[in-house]
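A.B. asks: You'll find data_29.txt just under this line, and it carries compact mmCIF, C-alpha atoms and all ligand atoms.
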```txt
# COMPACT_ATOMS: atom_id res chain seq x y z
CA MET A 1 11.45 -25.20 12.98
CA CYS A 2 9.91 -22.27 14.88
CA GLU A 3 8.89 -24.02 18.08
CA GLY A 4 9.14 -21.46 20.89
CA LEU A 5 10.34 -18.73 18.53
CA THR A 6 6.98 -17.30 17.53
CA VAL A 7 4.14 -15.98 19.63
CA SER A 8 1.44 -18.49 20.62
CA SER A 9 -1.10 -19.09 17.87
CA GLU A 10 -3.92 -17.60 19.99
CA PHE A 11 -2.52 -14.17 19.01
CA LYS A 12 -3.36 -13.45 15.42
CA GLY A 13 -2.43 -9.79 14.86
CA PHE A 14 0.27 -8.93 12.32
CA SER A 15 2.14 -6.53 14.60
CA THR A 16 1.83 -8.86 17.61
CA ARG A 17 3.52 -11.58 15.58
CA ALA A 18 6.14 -9.16 14.25
CA VAL A 19 7.06 -7.76 17.66
CA HIS A 20 7.03 -11.02 19.60
CA ALA A 21 8.84 -13.28 17.13
CA GLY A 22 12.04 -14.49 18.77
CA ARG A 23 11.30 -13.10 22.22
CA GLY A 24 12.75 -15.26 24.96
CA PHE A 25 15.28 -16.83 22.64
CA ASP A 26 18.04 -16.35 25.18
CA ALA A 27 16.06 -17.61 28.17
CA GLY A 28 19.22 -18.22 30.23
CA THR A 29 20.00 -14.50 30.53
CA GLY A 30 16.56 -12.89 30.38
CA ALA A 31 17.70 -10.60 27.57
CA VAL A 32 14.54 -9.08 26.11
CA MET A 33 16.04 -8.86 22.64
CA PRO A 34 18.11 -11.59 20.99
CA PRO A 35 21.89 -11.20 20.79
CA VAL A 36 23.90 -11.38 17.56
CA PHE A 37 25.45 -14.83 17.26
CA LEU A 38 28.83 -13.92 15.80
CA THR A 39 30.16 -17.41 15.38
CA SER A 40 31.21 -19.37 12.32
CA THR A 41 30.77 -22.78 13.92
CA PHE A 42 28.95 -24.60 16.75
CA ALA A 43 29.92 -27.41 19.12
CA ALA A 44 28.65 -30.74 17.82
CA GLY A 45 25.49 -32.11 19.39
CA ASN A 46 24.00 -28.75 20.52
CA PRO A 47 20.24 -28.76 21.21
CA GLY A 48 19.55 -26.18 18.45
CA GLY A 49 21.01 -28.51 15.82
CA PHE A 50 23.44 -25.87 14.50
CA ASP A 51 26.71 -26.89 12.91
CA TYR A 52 28.27 -24.21 10.70
CA THR A 53 26.94 -20.72 9.95
CA ARG A 54 26.81 -21.25 6.18
CA SER A 55 24.05 -23.80 6.83
CA GLY A 56 22.33 -22.08 9.76
CA ASN A 57 22.73 -19.66 12.63
CA PRO A 58 20.37 -18.68 15.47
CA ASN A 59 19.93 -15.21 13.92
CA PHE A 60 18.88 -16.78 10.61
CA ARG A 61 16.37 -18.96 12.43
CA LEU A 62 14.89 -15.97 14.24
CA LEU A 63 14.55 -14.06 10.99
CA ASP A 64 13.15 -17.09 9.15
CA CYS A 65 10.51 -17.64 11.82
CA THR A 66 9.55 -13.95 11.80
CA LEU A 67 9.19 -13.90 8.02
CA ALA A 68 7.26 -17.17 7.91
CA ALA A 69 4.85 -15.83 10.54
CA LEU A 70 4.32 -12.56 8.66
CA GLU A 71 3.82 -14.14 5.22
CA GLY A 72 1.47 -16.78 6.62
CA GLY A 73 3.87 -19.52 5.52
CA GLN A 74 5.26 -22.57 7.25
CA PHE A 75 8.88 -22.14 6.18
CA ALA A 76 11.31 -19.36 5.33
CA THR A 77 14.97 -19.26 4.38
CA CYS A 78 17.00 -16.08 4.55
CA PHE A 79 19.74 -15.13 2.13
CA ALA A 80 22.46 -12.50 1.73
CA SER A 81 20.33 -10.39 -0.62
CA GLY A 82 17.30 -10.50 -2.87
CA VAL A 83 19.62 -11.50 -5.71
CA SER A 84 20.91 -14.42 -3.58
CA ALA A 85 17.31 -15.55 -3.06
CA ILE A 86 16.71 -15.42 -6.83
CA THR A 87 19.92 -17.42 -7.37
CA ALA A 88 18.78 -20.03 -4.84
CA VAL A 89 15.47 -20.59 -6.63
CA VAL A 90 16.89 -20.66 -10.16
CA SER A 91 19.69 -23.02 -9.05
CA THR A 92 17.02 -25.70 -8.58
CA LEU A 93 16.23 -25.64 -12.33
CA LYS A 94 18.07 -27.61 -14.96
CA SER A 95 19.14 -27.04 -18.52
CA GLY A 96 16.11 -27.02 -20.83
CA ASP A 97 13.69 -25.79 -18.19
CA THR A 98 11.44 -22.85 -19.01
CA VAL A 99 10.58 -19.91 -16.75
CA PHE A 100 7.45 -17.99 -17.72
CA ALA A 101 8.03 -14.49 -16.41
CA GLU A 102 6.29 -11.13 -16.18
CA GLU A 103 8.00 -8.83 -18.70
CA ASN A 104 8.42 -5.98 -16.24
CA VAL A 105 10.50 -7.89 -13.64
CA TYR A 106 13.14 -6.19 -11.53
CA GLY A 107 16.25 -5.22 -13.50
CA CYS A 108 18.59 -7.49 -11.51
CA THR A 109 16.23 -10.44 -12.03
CA TYR A 110 16.25 -9.82 -15.78
CA ARG A 111 20.03 -9.48 -15.81
CA LEU A 112 20.50 -12.76 -13.91
CA PHE A 113 18.24 -14.63 -16.35
CA ASP A 114 19.76 -12.92 -19.39
CA LYS A 115 23.47 -12.91 -18.57
CA VAL A 116 23.93 -15.84 -16.18
CA PHE A 117 21.25 -18.52 -16.19
CA SER A 118 20.81 -18.46 -19.97
CA LYS A 119 24.36 -19.86 -20.16
CA PHE A 120 23.13 -22.90 -18.25
CA GLY A 121 20.27 -23.50 -20.65
CA VAL A 122 17.40 -22.01 -18.61
CA ARG A 123 14.96 -20.47 -21.07
CA VAL A 124 12.84 -17.49 -20.05
CA ILE A 125 9.67 -16.43 -21.84
CA TYR A 126 8.44 -12.92 -21.01
CA ALA A 127 4.82 -11.83 -21.25
CA ASP A 128 2.58 -9.10 -19.90
CA LEU A 129 0.97 -11.01 -17.04
CA SER A 130 -1.32 -8.11 -16.16
CA ASP A 131 -3.24 -9.16 -19.31
CA PRO A 132 -5.20 -12.40 -18.69
CA ALA A 133 -5.11 -13.04 -22.46
CA ASN A 134 -1.48 -14.12 -21.97
CA TRP A 135 -2.16 -16.65 -19.20
CA GLY A 136 -3.13 -19.37 -21.65
CA ARG A 137 0.51 -19.66 -22.64
CA ILE A 138 1.24 -21.06 -19.18
CA VAL A 139 -0.85 -24.08 -20.15
CA GLN A 140 0.86 -24.35 -23.56
CA GLU A 141 4.43 -23.90 -22.34
CA ARG A 142 4.13 -25.91 -19.10
CA PRO A 143 6.98 -23.95 -17.49
CA ALA A 144 9.08 -25.24 -14.59
CA LEU A 145 8.30 -21.95 -12.85
CA VAL A 146 6.03 -18.92 -13.26
CA TRP A 147 7.79 -15.75 -12.08
CA LEU A 148 5.98 -12.55 -11.30
CA GLU A 149 6.09 -9.35 -9.32
CA SER A 150 3.21 -7.20 -8.17
CA PRO A 151 3.36 -4.23 -8.15
CA THR A 152 6.10 -4.29 -10.79
CA ASN A 153 9.22 -2.17 -11.09
CA PRO A 154 9.18 0.57 -12.20
CA LEU A 155 5.72 0.73 -13.77
CA LEU A 156 3.74 -0.43 -10.74
CA LYS A 157 1.60 -2.75 -12.85
CA VAL A 158 -0.62 -4.94 -10.69
CA VAL A 159 -0.78 -8.64 -11.57
CA ASP A 160 -3.61 -10.97 -10.51
CA ILE A 161 -1.82 -13.47 -8.26
CA ALA A 162 -4.88 -15.63 -7.55
CA GLY A 163 -5.88 -15.76 -11.23
CA ILE A 164 -2.44 -16.77 -12.45
CA SER A 165 -1.93 -19.25 -9.61
CA ALA A 166 -5.16 -21.01 -10.55
CA VAL A 167 -4.04 -21.38 -14.18
CA ALA A 168 -0.53 -22.51 -13.18
CA GLN A 169 -1.92 -25.04 -10.73
CA PHE A 170 -3.81 -26.60 -13.62
CA VAL A 171 -0.47 -27.67 -15.17
CA GLY A 172 1.35 -28.10 -11.87
CA ALA A 173 3.66 -25.11 -12.41
CA PRO A 174 4.87 -23.47 -9.18
CA VAL A 175 4.29 -19.71 -9.00
CA LEU A 176 6.91 -17.42 -7.48
CA VAL A 177 5.83 -13.93 -6.42
CA ASP A 178 8.45 -11.28 -5.73
CA ASN A 179 6.58 -9.48 -2.93
CA THR A 180 9.25 -6.85 -2.27
CA PHE A 181 7.20 -3.81 -3.33
CA ALA A 182 4.11 -4.70 -1.29
CA SER A 183 5.59 -6.47 1.78
CA PRO A 184 3.55 -9.08 3.69
CA TYR A 185 1.67 -6.33 5.49
CA LEU A 186 -0.02 -5.26 2.26
CA GLN A 187 -0.24 -8.52 0.32
CA LEU A 188 -0.03 -12.27 1.10
CA PRO A 189 0.74 -14.22 -2.08
CA LEU A 190 0.74 -17.67 -0.39
CA THR A 191 -2.88 -17.20 0.64
CA LEU A 192 -3.65 -16.28 -3.00
CA GLY A 193 -2.22 -19.57 -4.28
CA ALA A 194 1.47 -18.81 -4.89
CA THR A 195 4.04 -21.52 -4.11
CA LEU A 196 6.99 -19.28 -3.28
CA VAL A 197 7.30 -15.71 -2.02
CA LEU A 198 10.57 -13.92 -2.68
CA HIS A 199 11.78 -10.82 -0.85
CA SER A 200 14.55 -8.39 -1.12
CA THR A 201 14.27 -7.80 2.64
CA THR A 202 16.79 -5.01 1.98
CA LYS A 203 13.74 -2.87 1.18
CA TYR A 204 10.53 -2.55 3.21
CA ILE A 205 11.02 -5.49 5.59
CA ASN A 206 14.27 -4.15 6.98
CA GLY A 207 13.13 -0.64 6.20
CA HIS A 208 16.19 1.25 7.42
CA SER A 209 18.54 1.00 4.41
CA ASP A 210 21.39 -0.29 6.58
CA CYS A 211 21.99 -3.78 5.16
CA LEU A 212 21.17 -6.17 2.31
CA SER A 213 19.24 -9.41 2.78
CA GLY A 214 16.69 -11.61 1.04
CA ALA A 215 14.31 -14.49 1.73
CA ILE A 216 12.08 -17.20 0.30
CA VAL A 217 8.88 -18.18 2.13
CA THR A 218 6.81 -21.27 1.28
CA ASN A 219 4.35 -23.86 2.58
CA ASP A 220 5.95 -26.57 0.47
CA ALA A 221 8.36 -28.76 2.46
CA ALA A 222 10.17 -29.99 -0.68
CA TRP A 223 10.86 -26.41 -1.78
CA GLN A 224 12.04 -25.56 1.72
CA GLU A 225 14.56 -28.38 1.59
CA LYS A 226 15.84 -27.09 -1.74
CA MET A 227 16.23 -23.58 -0.31
CA ILE A 228 18.18 -24.79 2.73
CA PHE A 229 20.38 -26.82 0.40
CA ALA A 230 20.99 -23.79 -1.88
CA GLN A 231 21.83 -21.56 1.10
CA LYS A 232 24.47 -24.02 2.25
CA ALA A 233 25.74 -25.40 -1.06
CA LEU A 234 26.00 -22.07 -2.90
CA GLY A 235 27.10 -19.99 0.09
CA LEU A 236 24.13 -17.62 -0.15
CA GLN A 237 23.69 -17.00 3.60
CA PRO A 238 23.55 -13.49 5.12
CA SER A 239 25.82 -12.38 7.96
CA PRO A 240 24.33 -12.97 11.43
CA PHE A 241 24.42 -9.22 12.05
CA ASP A 242 22.49 -8.44 8.85
CA ALA A 243 19.94 -11.11 9.76
CA TRP A 244 19.64 -9.47 13.19
CA LEU A 245 19.18 -5.99 11.66
CA THR A 246 16.54 -7.30 9.26
CA ALA A 247 14.62 -9.05 12.06
CA ARG A 248 14.73 -5.86 14.09
CA GLY A 249 13.44 -3.81 11.18
CA ALA A 250 10.57 -6.24 10.62
CA ARG A 251 9.14 -5.49 14.07
CA THR A 252 7.85 -2.10 12.90
CA LEU A 253 6.78 -3.17 9.40
CA ALA A 254 3.05 -2.56 9.92
CA LEU A 255 3.51 0.96 11.30
CA ARG A 256 5.86 1.88 8.50
CA MET A 257 3.70 0.43 5.72
CA GLU A 258 0.66 2.30 7.04
CA GLN A 259 2.60 5.56 6.93
CA HIS A 260 4.27 4.87 3.54
CA SER A 261 0.87 4.05 2.06
CA ARG A 262 -0.94 7.04 3.55
CA THR A 263 1.73 9.44 2.33
CA GLY A 264 2.03 7.62 -0.99
CA LEU A 265 -1.66 8.02 -1.78
CA GLU A 266 -1.71 11.64 -0.63
CA LEU A 267 1.31 12.67 -2.71
CA ALA A 268 0.21 10.68 -5.77
CA THR A 269 -3.19 12.38 -5.64
CA TRP A 270 -1.55 15.78 -5.26
CA LEU A 271 0.92 15.17 -8.10
CA GLU A 272 -1.72 13.99 -10.56
CA GLY A 273 -2.81 16.83 -12.83
CA ARG A 274 -0.16 19.27 -11.63
CA PRO A 275 1.34 21.46 -14.36
CA GLY A 276 4.36 19.75 -15.90
CA VAL A 277 3.32 16.27 -14.67
CA ARG A 278 2.08 14.15 -17.58
CA THR A 279 1.01 11.00 -15.76
CA VAL A 280 1.13 9.54 -12.26
CA ARG A 281 1.10 5.84 -11.44
CA TYR A 282 0.10 4.59 -8.01
CA PRO A 283 -1.83 1.34 -7.40
CA PHE A 284 -4.61 2.95 -5.36
CA LEU A 285 -5.21 5.97 -7.63
CA ALA A 286 -8.53 5.78 -9.47
CA SER A 287 -6.62 6.34 -12.73
CA HIS A 288 -4.47 3.19 -12.29
CA PRO A 289 -5.43 0.62 -14.96
CA GLN A 290 -5.72 -2.18 -12.38
CA VAL A 291 -7.05 -0.19 -9.43
CA GLU A 292 -9.92 -2.63 -8.77
CA LEU A 293 -7.52 -5.57 -8.61
CA ALA A 294 -5.08 -3.57 -6.47
CA ARG A 295 -7.83 -2.81 -3.96
CA ARG A 296 -8.83 -6.47 -3.86
CA GLN A 297 -5.33 -7.88 -3.61
CA MET A 298 -3.57 -5.30 -1.45
CA ARG A 299 -4.42 -3.70 1.87
CA ALA A 300 -3.03 -0.31 0.71
CA GLY A 301 -0.93 1.14 -2.07
CA SER A 302 2.61 1.10 -0.55
CA GLY A 303 5.15 3.91 -0.87
CA LEU A 304 6.19 3.97 -4.52
CA ILE A 305 4.98 6.56 -6.98
CA VAL A 306 6.00 6.79 -10.62
CA ALA A 307 5.47 10.11 -12.40
CA GLU A 308 6.23 11.14 -15.93
CA LEU A 309 7.38 14.74 -16.07
CA ASP A 310 6.87 16.76 -19.21
CA CYS A 311 10.58 17.38 -19.88
CA ASP A 312 13.85 15.96 -21.20
CA ALA A 313 16.20 13.73 -19.21
CA ALA A 314 18.48 16.58 -18.11
CA THR A 315 15.57 18.59 -16.68
CA ALA A 316 14.12 15.52 -14.94
CA LEU A 317 17.50 14.92 -13.29
CA ASP A 318 17.64 18.61 -12.40
CA VAL A 319 14.28 18.30 -10.61
CA CYS A 320 15.50 15.19 -8.76
CA ARG A 321 18.68 16.97 -7.65
CA ALA A 322 16.73 20.02 -6.49
CA LEU A 323 14.84 17.90 -3.93
CA LYS A 324 16.15 18.25 -0.39
CA LEU A 325 14.31 15.46 1.42
CA PHE A 326 14.35 12.90 -1.43
CA THR A 327 17.91 11.66 -1.98
CA LEU A 328 18.77 10.79 -5.58
CA ALA A 329 19.64 7.12 -5.12
CA GLU A 330 18.76 3.59 -6.18
CA SER A 331 16.80 1.33 -3.80
CA LEU A 332 13.51 1.90 -1.99
CA GLY A 333 11.51 1.01 1.06
CA GLY A 334 13.49 2.83 3.75
CA VAL A 335 12.20 5.32 6.31
CA GLU A 336 13.90 8.07 4.28
CA SER A 337 12.53 9.29 0.95
CA LEU A 338 14.47 8.50 -2.23
CA VAL A 339 14.04 9.48 -5.85
CA CYS A 340 15.35 7.65 -8.87
CA HIS A 341 15.59 8.60 -12.55
CA PRO A 342 15.39 5.21 -14.28
CA ALA A 343 16.46 6.42 -17.75
CA THR A 344 19.89 7.51 -16.47
CA MET A 345 20.17 5.20 -13.44
CA THR A 346 18.58 1.74 -13.11
CA HIS A 347 17.76 1.40 -16.82
CA ALA A 348 20.66 3.41 -18.33
CA SER A 349 22.03 0.29 -20.03
CA VAL A 350 18.70 -0.53 -21.67
CA PRO A 351 18.45 0.84 -25.26
CA ARG A 352 16.06 3.80 -25.54
CA ALA A 353 13.60 2.00 -27.82
CA VAL A 354 13.31 -0.97 -25.43
CA ARG A 355 13.09 1.36 -22.44
CA GLU A 356 10.28 3.40 -23.97
CA GLN A 357 8.45 0.26 -25.00
CA VAL A 358 8.24 -0.77 -21.34
CA GLY A 359 7.15 2.77 -20.44
CA ILE A 360 10.34 4.34 -19.11
CA ARG A 361 10.70 7.75 -20.75
CA ASP A 362 13.22 10.53 -20.26
CA GLY A 363 10.86 12.34 -17.89
CA THR A 364 9.98 9.25 -15.79
CA VAL A 365 10.90 9.54 -12.11
CA ARG A 366 10.23 7.06 -9.31
CA PHE A 367 9.68 8.24 -5.76
CA SER A 368 10.08 5.98 -2.74
CA VAL A 369 8.26 8.01 -0.12
CA GLY A 370 9.63 7.64 3.38
CA ILE A 371 7.91 8.26 6.68
CA GLU A 372 8.74 11.97 6.94
CA ASP A 373 5.82 14.37 7.45
CA VAL A 374 3.73 14.60 4.31
CA GLU A 375 3.54 18.41 4.41
CA ASP A 376 7.34 18.64 4.24
CA LEU A 377 7.57 16.11 1.40
CA ARG A 378 4.89 17.97 -0.56
CA ALA A 379 6.62 21.34 -0.03
CA ASP A 380 9.90 19.82 -1.21
CA LEU A 381 8.24 18.44 -4.36
CA GLU A 382 6.40 21.69 -5.05
CA ARG A 383 9.61 23.70 -4.90
CA ALA A 384 11.60 21.27 -7.09
CA LEU A 385 8.82 20.99 -9.70
CA LYS A 386 9.08 24.76 -10.28
CA ARG A 387 12.14 23.90 -12.40
CA LEU A 388 9.79 22.58 -15.08
CA LYS A 389 8.90 25.12 -17.74
CA THR A 390 5.14 24.86 -17.88
CA ASP A 391 4.37 27.82 -20.19
CA GLY A 392 2.29 29.48 -17.52
CA LYS A 393 -0.15 26.54 -17.47
C1 LIG B 401 15.98 -4.82 -4.79
C2 LIG B 401 15.14 -5.84 -5.40
C3 LIG B 401 15.66 -7.11 -5.75
C4 LIG B 401 17.10 -7.45 -5.50
O1 LIG B 401 17.39 -7.46 -4.13
P1 LIG B 401 18.81 -7.08 -3.48
O2 LIG B 401 18.53 -7.19 -2.02
O3 LIG B 401 19.17 -5.72 -3.95
O4 LIG B 401 19.77 -8.12 -3.97
C5 LIG B 401 14.79 -8.04 -6.30
N1 LIG B 401 13.49 -7.74 -6.54
C6 LIG B 401 12.98 -6.53 -6.25
C7 LIG B 401 11.54 -6.26 -6.57
C8 LIG B 401 13.76 -5.55 -5.68
O5 LIG B 401 13.24 -4.35 -5.39
```
Mind converting the file's structure to structure tokens?
Ligand SMILES: *Cc1c(COP(=O)(O)O)cnc(C)c1O

C.D. replies:
Amino acid sequence: MCEGLTVSSEFKGFSTRAVHAGRGFDAGTGAVMPPVFLTSTFAAGNPGGFDYTRSGNPNFRLLDCTLAALEGGQFATCFASGVSAITAVVSTLKSGDTVFAEENVYGCTYRLFDKVFSKFGVRVIYADLSDPANWGRIVQERPALVWLESPTNPLLKVVDIAGISAVAQFVGAPVLVDNTFASPYLQLPLTLGATLVLHSTTKYINGHSDCLSGAIVTNDAAWQEKMIFAQKALGLQPSPFDAWLTARGARTLALRMEQHSRTGLELATWLEGRPGVRTVRYPFLASHPQVELARRQMRAGSGLIVAELDCDAATALDVCRALKLFTLAESLGGVESLVCHPATMTHASVPRAVREQVGIRDGTVRFSVGIEDVEDLRADLERALKRLKTDGK
């Protein structure tokens, strides 16, 4: 699939592969970067084997080959969004099938299972997969699919991908890892035994918050066929321009992830123990419950920090709004810093009791640290946190 579209296998570096994927695609013109193929259809019998953009386009192929190379997989299929990629995978299941899922999955994933796929008879069992005591149920339930994220949203729990994959393999259950929060630069689930890697490439892989896209990467040819079928049959393809933007963003993934992770660790360390800050969650902080696993499984901690402020929801929102460099917005993974208040934003529809049970309190805020200078981000946080009444502590 990627013949001539990826750098020769003698070059092993992550950034070399990211930068050189797709170079020389338009050999006839010498264009150094690929064009956008804005076409809905292709003349029959063309050497690239393209027919209609719903089932393939040169920009999709370039993106697919880039993502496969970065995830260390043989195949990738791009989609219109992360949610489209989820839809593609779940569309392969049938009524009566069971999905065994991490209980802290992304809100949109939960909503799709709960409001859409449940109507088609797909049963989902949720468990805390960061606790190995719950893995035995994979053997008992023999699910059609094990679904996990690591780190999770918004609690940044770290889940042992290799451990779970080994158990799932025992009963032949494929394991899907949503790798959106880590990106392939920080974590490679296929090498840890996962069958499928899912991405909302909207986030770190594109990295510039200018389009939506998603992808599935695998080494399993049968799964790849199912993904290509779902892309075409369900109309889940991205636009060629969005695929082009995403592939362009991916070229600088390593540089960005290094910077996000460096700043993330520095700000998390600084925030921890500050007056008015109850707890700080960051995978590479010594206080993180799975820090050992995080250090084993990930190259660095990524750019998300979750802090619980010692205040009510209104004050937490007030702090978020007082920030000048962190925009109050959903999403994550862009070069610009964002802040989100889950209790009134992403998880507003979740009843308080359920929300608190999964660890989202009124004072919980999630930062997606961008690549701005750390001194400026820290100064911005310091000023905004003064809004907390800390009784002179
Ligand atoms: C954003 C996100 C999704 C959904 O992706 P979209 O591109 O917004 O459709 C799925 N999983 C995770 C972890 C995400 O962050």

A.B. asks: State, in Å with one decimal place, the distance from atom CA of A:Leu253 to atom CA of A:Ala286.

C.D. replies: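 Separating atom CA of A:Leu253 from atom CA of A:Ala286 is a distance of 25.9 Å.
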
A.B. asks: What are the closest atom pairs, with distances in Å to one decimal, for all residues of chain A lying within 10 Å of ligand LIG 401 (chain B)? Consider only C-alpha atoms and all ligand atoms, order rows by chain and residue number, and present the result as a Markdown table.

C.D. replies:
```
| residue | atom | partner | partner_atom | distance |
| --- | --- | --- | --- | --- |
| A:Phe79 | CA | B:LIG401 | O2 | 9.0 |
| A:Ala80 | CA | B:LIG401 | O2 | 7.6 |
| A:Ser81 | CA | B:LIG401 | O2 | 3.9 |
| A:Gly82 | CA | B:LIG401 | O1 | 3.3 |
| A:Val83 | CA | B:LIG401 | O4 | 3.8 |
| A:Ser84 | CA | B:LIG401 | O4 | 6.4 |
| A:Ala85 | CA | B:LIG401 | O4 | 7.9 |
| A:Ile86 | CA | B:LIG401 | C5 | 7.6 |
| A:Thr87 | CA | B:LIG401 | O4 | 9.9 |
| A:Val105 | CA | B:LIG401 | C7 | 7.3 |
| A:Tyr106 | CA | B:LIG401 | C7 | 5.2 |
| A:Gly107 | CA | B:LIG401 | C5 | 7.9 |
| A:Cys108 | CA | B:LIG401 | C4 | 6.2 |
| A:Thr109 | CA | B:LIG401 | C5 | 6.4 |
| A:Tyr110 | CA | B:LIG401 | C5 | 9.8 |
| A:Leu148 | CA | B:LIG401 | C7 | 9.6 |
| A:Glu149 | CA | B:LIG401 | C7 | 6.8 |
| A:Ser150 | CA | B:LIG401 | C7 | 8.5 |
| A:Pro151 | CA | B:LIG401 | C7 | 8.6 |
| A:Thr152 | CA | B:LIG401 | C7 | 7.2 |
| A:Asn153 | CA | B:LIG401 | C7 | 6.5 |
| A:Pro154 | CA | B:LIG401 | C7 | 9.2 |
| A:Val177 | CA | B:LIG401 | C7 | 9.6 |
| A:Asp178 | CA | B:LIG401 | C7 | 6.0 |
| A:Asn179 | CA | B:LIG401 | C7 | 6.9 |
| A:Thr180 | CA | B:LIG401 | C7 | 4.9 |
| A:Phe181 | CA | B:LIG401 | C7 | 5.9 |
| A:Ala182 | CA | B:LIG401 | C7 | 9.2 |
| A:Leu198 | CA | B:LIG401 | N1 | 7.8 |
| A:His199 | CA | B:LIG401 | N1 | 6.7 |
| A:Ser200 | CA | B:LIG401 | O1 | 4.2 |
| A:Thr201 | CA | B:LIG401 | O2 | 6.3 |
| A:Thr202 | CA | B:LIG401 | O2 | 4.9 |
| A:Lys203 | CA | B:LIG401 | C1 | 6.7 |
| A:Tyr204 | CA | B:LIG401 | O5 | 9.2 |
| A:Cys211 | CA | B:LIG401 | O2 | 8.7 |
| A:Leu212 | CA | B:LIG401 | O2 | 5.2 |
| A:Ser213 | CA | B:LIG401 | O2 | 5.3 |
| A:Gly214 | CA | B:LIG401 | O2 | 5.7 |
| A:Ala215 | CA | B:LIG401 | O2 | 9.2 |
| A:Glu330 | CA | B:LIG401 | C1 | 9.0 |
| A:Ser331 | CA | B:LIG401 | C1 | 6.3 |
| A:Leu332 | CA | B:LIG401 | O5 | 7.1 |
| A:Gly333 | CA | B:LIG401 | O5 | 8.6 |
```

A.B. asks: To one decimal in Å, tell me the separation between atom CA of A:Gly249 and atom CA of A:Gly301.

C.D. replies: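 Separation of atom CA of A:Gly249 and atom CA of A:Gly301: 20.2 Å.
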
A.B. asks: Could you tell me which of A:Ala21, A:Lys389, A:Leu293, A:Ile305 comes closest to A:Met33 if we count all atoms listed in the file?

C.D. replies: A:Ala21

A.B. asks: Select, from A:Asp373, A:Asp97, A:Asp210, A:Asp380, the residue with the minimum atom-to-atom distance to A:Phe326, counting only C-alpha atoms.

C.D. replies: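 Nearest candidate to A:Phe326 out of A:Asp373, A:Asp97, A:Asp210, A:Asp380: A:Asp380.
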
A.B. asks: As a PyMOL selection string, please: the residues near A:Val365 (cut-off 12 Å, all atoms listed in the file, same-chain neighbours under 5 positions excluded).

C.D. replies: chain A and resi 153-155+277-281+304-321+326+328-330+338-347+359-360+385

A.B. asks: Measuring atom to atom with all atoms listed in the file, identify which of A:Arg17, A:Lys226, A:Arg251, A:Arg61 is nearest to A:Cys2.

C.D. replies: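 Counting all atoms listed in the file, the residue closest to A:Cys2 is A:Arg61.
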
A.B. asks: Which residues of stretch 90-120 of chain A have any atom within 12 Å of an atom in stretch 164-170 of chain A when counting only C-alpha atoms, and what is the closest pair of atoms for each, with the distance in Å to one decimal? Order the rows by chain and rising number and write it as a tab-separated table.

C.D. replies:
```
residue	atom	partner	partner_atom	distance
A:Val99	CA	A:Ala168	CA	12.0
A:Phe100	CA	A:Ala168	CA	10.2
A:Ala101	CA	A:Ile164	CA	11.4
A:Glu102	CA	A:Ile164	CA	11.0
```

A.B. asks: Pick out the residues sitting within 10 Å of A:Leu255, and hand them over as JSON, numbers by chain; count all atoms listed in the file, and ignore anything fewer than 6 positions along from it in its own chain.

C.D. replies: {"A": [15, 185, 371]}

A.B. asks: Using only C-alpha atoms and a cutoff of 12 Å, can you tell me which residues are near (17.2, -26.4, -3.4) in the file's coordinates, and write them out as a PDB file with C-alpha atoms, keeping the file's coordinate frame?

C.D. replies:
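Saved to result06.pdb:
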```
ATOM      1  CA  THR A  77      14.970 -19.260   4.380  1.00  0.00           C
ATOM      2  CA  ALA A  85      17.310 -15.550  -3.060  1.00  0.00           C
ATOM      3  CA  ILE A  86      16.710 -15.420  -6.830  1.00  0.00           C
ATOM      4  CA  THR A  87      19.920 -17.420  -7.370  1.00  0.00           C
ATOM      5  CA  ALA A  88      18.780 -20.030  -4.840  1.00  0.00           C
ATOM      6  CA  VAL A  89      15.470 -20.590  -6.630  1.00  0.00           C
ATOM      7  CA  VAL A  90      16.890 -20.660 -10.160  1.00  0.00           C
ATOM      8  CA  SER A  91      19.690 -23.020  -9.050  1.00  0.00           C
ATOM      9  CA  THR A  92      17.020 -25.700  -8.580  1.00  0.00           C
ATOM     10  CA  LEU A  93      16.230 -25.640 -12.330  1.00  0.00           C
ATOM     11  CA  LYS A  94      18.070 -27.610 -14.960  1.00  0.00           C
ATOM     12  CA  ILE A 216      12.080 -17.200   0.300  1.00  0.00           C
ATOM     13  CA  ASP A 220       5.950 -26.570   0.470  1.00  0.00           C
ATOM     14  CA  ALA A 221       8.360 -28.760   2.460  1.00  0.00           C
ATOM     15  CA  ALA A 222      10.170 -29.990  -0.680  1.00  0.00           C
ATOM     16  CA  TRP A 223      10.860 -26.410  -1.780  1.00  0.00           C
ATOM     17  CA  GLN A 224      12.040 -25.560   1.720  1.00  0.00           C
ATOM     18  CA  GLU A 225      14.560 -28.380   1.590  1.00  0.00           C
ATOM     19  CA  LYS A 226      15.840 -27.090  -1.740  1.00  0.00           C
ATOM     20  CA  MET A 227      16.230 -23.580  -0.310  1.00  0.00           C
ATOM     21  CA  ILE A 228      18.180 -24.790   2.730  1.00  0.00           C
ATOM     22  CA  PHE A 229      20.380 -26.820   0.400  1.00  0.00           C
ATOM     23  CA  ALA A 230      20.990 -23.790  -1.880  1.00  0.00           C
ATOM     24  CA  GLN A 231      21.830 -21.560   1.100  1.00  0.00           C
ATOM     25  CA  LYS A 232      24.470 -24.020   2.250  1.00  0.00           C
ATOM     26  CA  ALA A 233      25.740 -25.400  -1.060  1.00  0.00           C
ATOM     27  CA  LEU A 234      26.000 -22.070  -2.900  1.00  0.00           C
ATOM     28  CA  LEU A 236      24.130 -17.620  -0.150  1.00  0.00           C
TER      29      LEU A 236
END
```
